[in-house]
Amino acid sequence: MKVLVVGSGGREHALVWKLAQSKLRPELYCAPGNAGTAQHARNLAIEATDLNGLCAWAEREKPDLVVVGPEDPLVAGLADRLRERGILVFGPGAKGARLEGSKAFTKEILERHRIPCAQDRTFDRAGMAKSYLENCTQWPQVIKADGLAAGKGVFICHDAKSACAAIDSLMEKKSLGAAGTKVVVEEFLAGEEASVLAITDGETILILEPVQDHKQVGDGDTGPNTGGMGVFSPVPELTRRLQRQIEQRVLVPTIHALSREEIEFRGVLFVGLMMTDSGPKVLEYNVRFGDPECQALMRRLKSDLLPILLAAAKGELGKIEEPQWDERVCIGVVAAADGYPGTVRKGDAIEGVEAAEKVEETIVFHAGTARARNGDLLTSGGRVMCVTSLGANVQEARERAYRAYEAIRYTGKFCRTDIGARRAARAQEDSAAAPKRPARDPRLRAAMNERIQRQVRHERRRKEDGG
Ligand code: AMP
Ligand code: GLY
């Protein structure tokens, strides 16, 4: 079986690493991949955004599945173009990918289908946005570029002056290009953040273990937002009760909304949430695995990934059993390059990866790495690697991940030193006697999926009857 993974980050290395362990023994390809994916797959010299190149390769090679990692090719319609050629794809078409590609579109969907989220206004003129902000009485306000911005398009502003500066930068100076043509101004939500990822085929959902990213570049959540600086999983604060609330108030209504909007969605629905005093509220949708969330999930997933992705791509996810997860904690620490999330230095020699992987239960996923002609490993991006370690508890996982991180050497290396630290402090308070999370009850998933399917079928019949 031939499988192509599209992308070149740590997420794609983790996917390829996990797929390489499949009982279906796939022949793996990665486009374009990185020095890490090359250990398990054949890297193709085709960029993830080269849709023509990818389609030509797929026509020639007829892969049994294409797994699209990043958002850009999904937003550009790669999945549609491959499906038109009869190829199975894990990842939504362009219509579904708008949930990530346009924050204004997402807000429309959320509001139309009454899915809880922050109140907002959308602006396409800087002057209107600024006069609205100058008259705001409640601060902070959150300013969001409408389009794709690799996690760098959100600004939390504490007064009108900084908010107007953000508007100027996005809309007048075009600091993020076309992504800032429209801007969403949103109420600030306070609470604990959580991401919930679910695999879906549009009729059934399979919820993955909870995982928490660290978006800001500096310790203690300071400095600008990044694609993600580190991760831990599971998230004990996300109790089964809260998870059920998220299922009922957010995930199930989202799948219904997609069905009502006639959006076929086969891939990952990744919901960024704020757990507010009045319940979970949606901050954003992504239409793919998170990076570095995926790395922690792949380390903890015990079941074979390939049959799950194949079933979702075929629309047969209902046939898949609840996956098995490693009970242990995973911590992932991103090793970044000087300058990230701004302009970064590249081309520095990397050493010590083997030594890092000698640390117990540790795997280093590559992201911005490349091989020089002479075989040397070099930095080639802002997030260079993600060091992941499993441990019996968060302290042990942290100790291992940071010890492994120390073993990696390149000029300009830096990381956040507090990945999972708050969790570790809390775990100590809770003491070792913290209750073990009960396993998910498969009957609950079956009941939830039945509810979704009933609704989706009802919606279909209504449409067929011309209603
Ligand atoms: P987003 O890309 O929309 O998830 O935003 C990036 C980050 O900005 C989120 O992970 C939050 O930490 C923060 N954020 C976004 N929207 C809000 C909001 N309405 N209130 C508070 N924080 C927010
Ligand atoms: N780590 C957040 C993201 O992938 O969007």
# chains A, B, ... in the order shown; residues from 1 in each chain; ligands from 1
>>> residues_near_ligand(ligand="ligand 1", cutoff="6 Å", atoms="only C-alpha atoms and all ligand atoms", output="PyMOL selection string")
chain A and resi 118+142+151+154+186-190+272+283-284
>>> write_last_selection(atoms="N, CA and C atoms", output="short mmCIF file (atom, residue, chain, number, x, y, z; two decimals), in the first residue's frame")
data_model
loop_
_atom_site.label_atom_id
_atom_site.label_comp_id
_atom_site.auth_asym_id
_atom_site.auth_seq_id
_atom_site.Cartn_x
_atom_site.Cartn_y
_atom_site.Cartn_z
N ALA A 118 -16.77 33.89 21.19
CA ALA A 118 -16.68 35.29 21.62
C ALA A 118 -17.50 36.17 20.69
N VAL A 142 -9.43 41.59 21.25
CA VAL A 142 -8.56 40.69 20.49
C VAL A 142 -8.72 40.99 19.00
N GLY A 151 -0.39 31.11 12.92
CA GLY A 151 -0.49 31.36 14.36
C GLY A 151 -0.01 32.74 14.78
N VAL A 154 -2.86 36.97 15.61
CA VAL A 154 -3.77 37.34 16.70
C VAL A 154 -3.05 38.28 17.67
N GLU A 186 -12.58 41.00 18.47
CA GLU A 186 -13.33 40.04 19.27
C GLU A 186 -13.21 40.34 20.75
N GLU A 187 -14.27 40.04 21.47
CA GLU A 187 -14.28 40.13 22.93
C GLU A 187 -13.19 39.22 23.51
N PHE A 188 -12.52 39.67 24.56
CA PHE A 188 -11.48 38.86 25.20
C PHE A 188 -12.15 37.85 26.14
N LEU A 189 -11.77 36.59 26.00
CA LEU A 189 -12.32 35.55 26.88
C LEU A 189 -11.27 35.13 27.88
N ALA A 190 -11.66 35.08 29.16
CA ALA A 190 -10.72 34.63 30.19
C ALA A 190 -11.01 33.18 30.52
N GLY A 272 -9.95 25.00 18.93
CA GLY A 272 -9.29 25.75 20.00
C GLY A 272 -10.39 26.32 20.88
N LEU A 283 -12.50 29.35 20.12
CA LEU A 283 -11.59 30.44 19.71
C LEU A 283 -11.30 30.34 18.23
N GLU A 284 -11.13 29.11 17.77
CA GLU A 284 -10.78 28.93 16.36
C GLU A 284 -10.97 27.47 15.98
#
>>> select_by_dssp(residues="stretch 178-409 of chain A", states="helix (DSSP H, G or I)", output="number ranges by chain")
A: 178-180, 240-260, 293-300, 305-314, 317-319, 353-358, 394-407
>>> write_last_selection(atoms="C-alpha atoms", output="compact mmCIF listing (two decimals), in the first residue's frame")
# COMPACT_ATOMS: atom_id res chain seq x y z
CA ALA A 178 -3.56 39.40 2.09
CA ALA A 179 -4.35 37.66 5.42
CA GLY A 180 -4.99 41.12 6.91
CA ARG A 240 -14.58 13.52 31.12
CA ARG A 241 -17.47 15.77 32.20
CA LEU A 242 -15.97 18.81 30.47
CA GLN A 243 -15.17 16.69 27.44
CA ARG A 244 -18.79 15.62 27.19
CA GLN A 245 -19.85 19.27 27.44
CA ILE A 246 -17.49 20.08 24.57
CA GLU A 247 -18.86 17.17 22.58
CA GLN A 248 -22.46 18.22 23.08
CA ARG A 249 -22.13 21.99 22.82
CA VAL A 250 -19.35 22.27 20.26
CA LEU A 251 -18.31 19.14 18.36
CA VAL A 252 -21.71 17.66 17.53
CA PRO A 253 -23.20 21.07 16.57
CA THR A 254 -20.13 21.72 14.39
CA ILE A 255 -20.61 18.49 12.44
CA HIS A 256 -24.30 19.38 12.02
CA ALA A 257 -23.35 22.84 10.84
CA LEU A 258 -21.00 21.36 8.24
CA SER A 259 -23.71 19.03 7.03
CA ARG A 260 -26.25 21.86 6.80
CA GLU A 293 0.00 18.63 19.26
CA CYS A 294 0.32 15.82 16.71
CA GLN A 295 3.75 14.81 18.01
CA ALA A 296 2.40 14.20 21.55
CA LEU A 297 -0.69 12.42 20.21
CA MET A 298 1.35 10.08 18.02
CA ARG A 299 3.61 9.24 20.97
CA ARG A 300 0.57 8.31 23.07
CA LEU A 305 -3.01 4.99 12.81
CA LEU A 306 -3.30 3.92 9.18
CA PRO A 307 -6.65 2.05 9.39
CA ILE A 308 -8.13 5.08 11.20
CA LEU A 309 -7.01 7.54 8.51
CA LEU A 310 -8.12 5.17 5.72
CA ALA A 311 -11.56 4.71 7.31
CA ALA A 312 -12.04 8.48 7.68
CA ALA A 313 -10.98 9.06 4.07
CA LYS A 314 -13.47 6.41 2.88
CA LEU A 317 -15.03 5.90 10.45
CA GLY A 318 -18.00 4.37 12.29
CA LYS A 319 -16.42 0.95 11.79
CA VAL A 353 20.26 14.17 18.23
CA GLU A 354 21.40 10.58 18.80
CA ALA A 355 22.46 11.41 22.35
CA ALA A 356 19.09 13.07 22.94
CA GLU A 357 17.26 9.96 21.79
CA LYS A 358 19.29 7.87 24.27
CA VAL A 394 4.50 15.13 34.21
CA GLN A 395 7.63 15.69 36.34
CA GLU A 396 9.34 12.61 34.92
CA ALA A 397 8.33 13.45 31.33
CA ARG A 398 9.60 17.02 31.79
CA GLU A 399 12.90 15.95 33.30
CA ARG A 400 13.51 13.57 30.38
CA ALA A 401 12.46 16.01 27.64
CA TYR A 402 14.66 18.84 28.96
CA ARG A 403 17.63 16.50 29.53
CA ALA A 404 17.30 15.37 25.91
CA TYR A 405 16.91 18.98 24.74
CA GLU A 406 20.21 19.86 26.44
CA ALA A 407 21.98 17.15 24.43
>>> closest_residue(among="A:Gly352, A:Gly391, A:Gly96, A:Gly127", to="A:Cys330", atoms="only C-alpha atoms")
A:Gly391
>>> residues_around(residues="A:Phe289", least_positions_apart="2", cutoff="10 Å", atoms="only C-alpha atoms", output="list in words")
Arg11, Glu12, Leu15, Val68, Gly69, Pro70, Glu71, Gly91, Leu197, Ala198, Ile199, Gly267, Val268, Leu269, Phe270, Asn286, Val287, Asp291, Pro292, Glu293, Cys294, Gln295 and Leu297 of chain A
>>> write_last_selection(atoms="N, CA and C atoms", output="mmCIF file, in the first residue's frame")
data_model
loop_
_atom_site.group_PDB
_atom_site.id
_atom_site.type_symbol
_atom_site.label_atom_id
_atom_site.label_comp_id
_atom_site.auth_asym_id
_atom_site.auth_seq_id
_atom_site.Cartn_x
_atom_site.Cartn_y
_atom_site.Cartn_z
ATOM 1 N N ARG A 11 5.033 17.768 12.701
ATOM 2 C CA ARG A 11 3.785 16.999 12.593
ATOM 3 C C ARG A 11 3.932 15.881 11.566
ATOM 4 N N GLU A 12 4.495 16.224 10.411
ATOM 5 C CA GLU A 12 4.616 15.219 9.345
ATOM 6 C C GLU A 12 5.631 14.142 9.721
ATOM 7 N N LEU A 15 3.748 11.850 11.977
ATOM 8 C CA LEU A 15 2.780 11.028 11.229
ATOM 9 C C LEU A 15 3.494 9.897 10.490
ATOM 10 N N VAL A 68 -2.867 14.909 4.149
ATOM 11 C CA VAL A 68 -2.369 16.279 3.998
ATOM 12 C C VAL A 68 -2.128 16.864 5.392
ATOM 13 N N GLY A 69 -0.883 17.207 5.689
ATOM 14 C CA GLY A 69 -0.514 17.729 7.006
ATOM 15 C C GLY A 69 -0.915 19.188 7.201
ATOM 16 N N PRO A 70 -0.367 20.119 6.414
ATOM 17 C CA PRO A 70 -0.567 21.546 6.690
ATOM 18 C C PRO A 70 -1.831 22.136 6.078
ATOM 19 N N GLU A 71 -2.163 23.341 6.542
ATOM 20 C CA GLU A 71 -3.409 23.981 6.132
ATOM 21 C C GLU A 71 -3.355 24.603 4.738
ATOM 22 N N GLY A 91 -8.187 14.684 4.739
ATOM 23 C CA GLY A 91 -8.069 16.151 4.774
ATOM 24 C C GLY A 91 -9.267 16.722 4.043
ATOM 25 N N LEU A 197 -9.040 17.716 19.502
ATOM 26 C CA LEU A 197 -8.917 17.275 18.116
ATOM 27 C C LEU A 197 -9.794 16.057 17.917
ATOM 28 N N ALA A 198 -10.532 16.071 16.836
ATOM 29 C CA ALA A 198 -11.371 14.918 16.531
ATOM 30 C C ALA A 198 -11.165 14.561 15.073
ATOM 31 N N ILE A 199 -11.077 13.258 14.816
ATOM 32 C CA ILE A 199 -11.055 12.804 13.427
ATOM 33 C C ILE A 199 -12.504 12.621 13.025
ATOM 34 N N GLY A 267 -11.314 14.432 7.732
ATOM 35 C CA GLY A 267 -9.982 14.796 8.199
ATOM 36 C C GLY A 267 -10.023 15.099 9.676
ATOM 37 N N VAL A 268 -9.165 16.036 10.102
ATOM 38 C CA VAL A 268 -9.122 16.407 11.522
ATOM 39 C C VAL A 268 -9.850 17.731 11.724
ATOM 40 N N LEU A 269 -10.748 17.736 12.666
ATOM 41 C CA LEU A 269 -11.358 18.982 13.100
ATOM 42 C C LEU A 269 -10.698 19.299 14.438
ATOM 43 N N PHE A 270 -10.001 20.415 14.476
ATOM 44 C CA PHE A 270 -9.197 20.778 15.643
ATOM 45 C C PHE A 270 -9.833 22.046 16.188
ATOM 46 N N ASN A 286 -9.130 24.589 13.390
ATOM 47 C CA ASN A 286 -8.111 24.250 12.414
ATOM 48 C C ASN A 286 -8.611 22.999 11.723
ATOM 49 N N VAL A 287 -8.095 22.730 10.549
ATOM 50 C CA VAL A 287 -8.659 21.636 9.749
ATOM 51 C C VAL A 287 -7.627 20.543 9.506
ATOM 52 N N ASP A 291 0.468 21.230 15.249
ATOM 53 C CA ASP A 291 1.908 21.005 15.347
ATOM 54 C C ASP A 291 2.390 21.933 16.451
ATOM 55 N N PRO A 292 2.788 21.496 17.616
ATOM 56 C CA PRO A 292 3.290 20.168 17.996
ATOM 57 C C PRO A 292 2.273 19.223 18.661
ATOM 58 N N GLU A 293 0.974 19.535 18.631
ATOM 59 C CA GLU A 293 0.000 18.633 19.264
ATOM 60 C C GLU A 293 0.107 17.215 18.708
ATOM 61 N N CYS A 294 0.276 17.132 17.383
ATOM 62 C CA CYS A 294 0.319 15.825 16.712
ATOM 63 C C CYS A 294 1.455 14.951 17.258
ATOM 64 N N GLN A 295 2.590 15.586 17.542
ATOM 65 C CA GLN A 295 3.745 14.813 18.007
ATOM 66 C C GLN A 295 3.405 14.103 19.319
ATOM 67 N N LEU A 297 0.381 13.403 20.445
ATOM 68 C CA LEU A 297 -0.689 12.421 20.212
ATOM 69 C C LEU A 297 -0.127 11.136 19.601
#
>>> select_by_dssp(residues="stretch 253-314 of chain A", states="strand (DSSP E or B)", output="ChimeraX atom specification")
/A:267-276,279-286,301
>>> atom_distance(atom1="atom CA of A:Gly93", atom2="atom CA of A:Glu111")
22.1 Å
>>> closest_residue(among="A:Ser278, A:Val185, A:Asp50, A:Asp64", to="A:Leu24", atoms="only C-alpha atoms")
A:Asp64
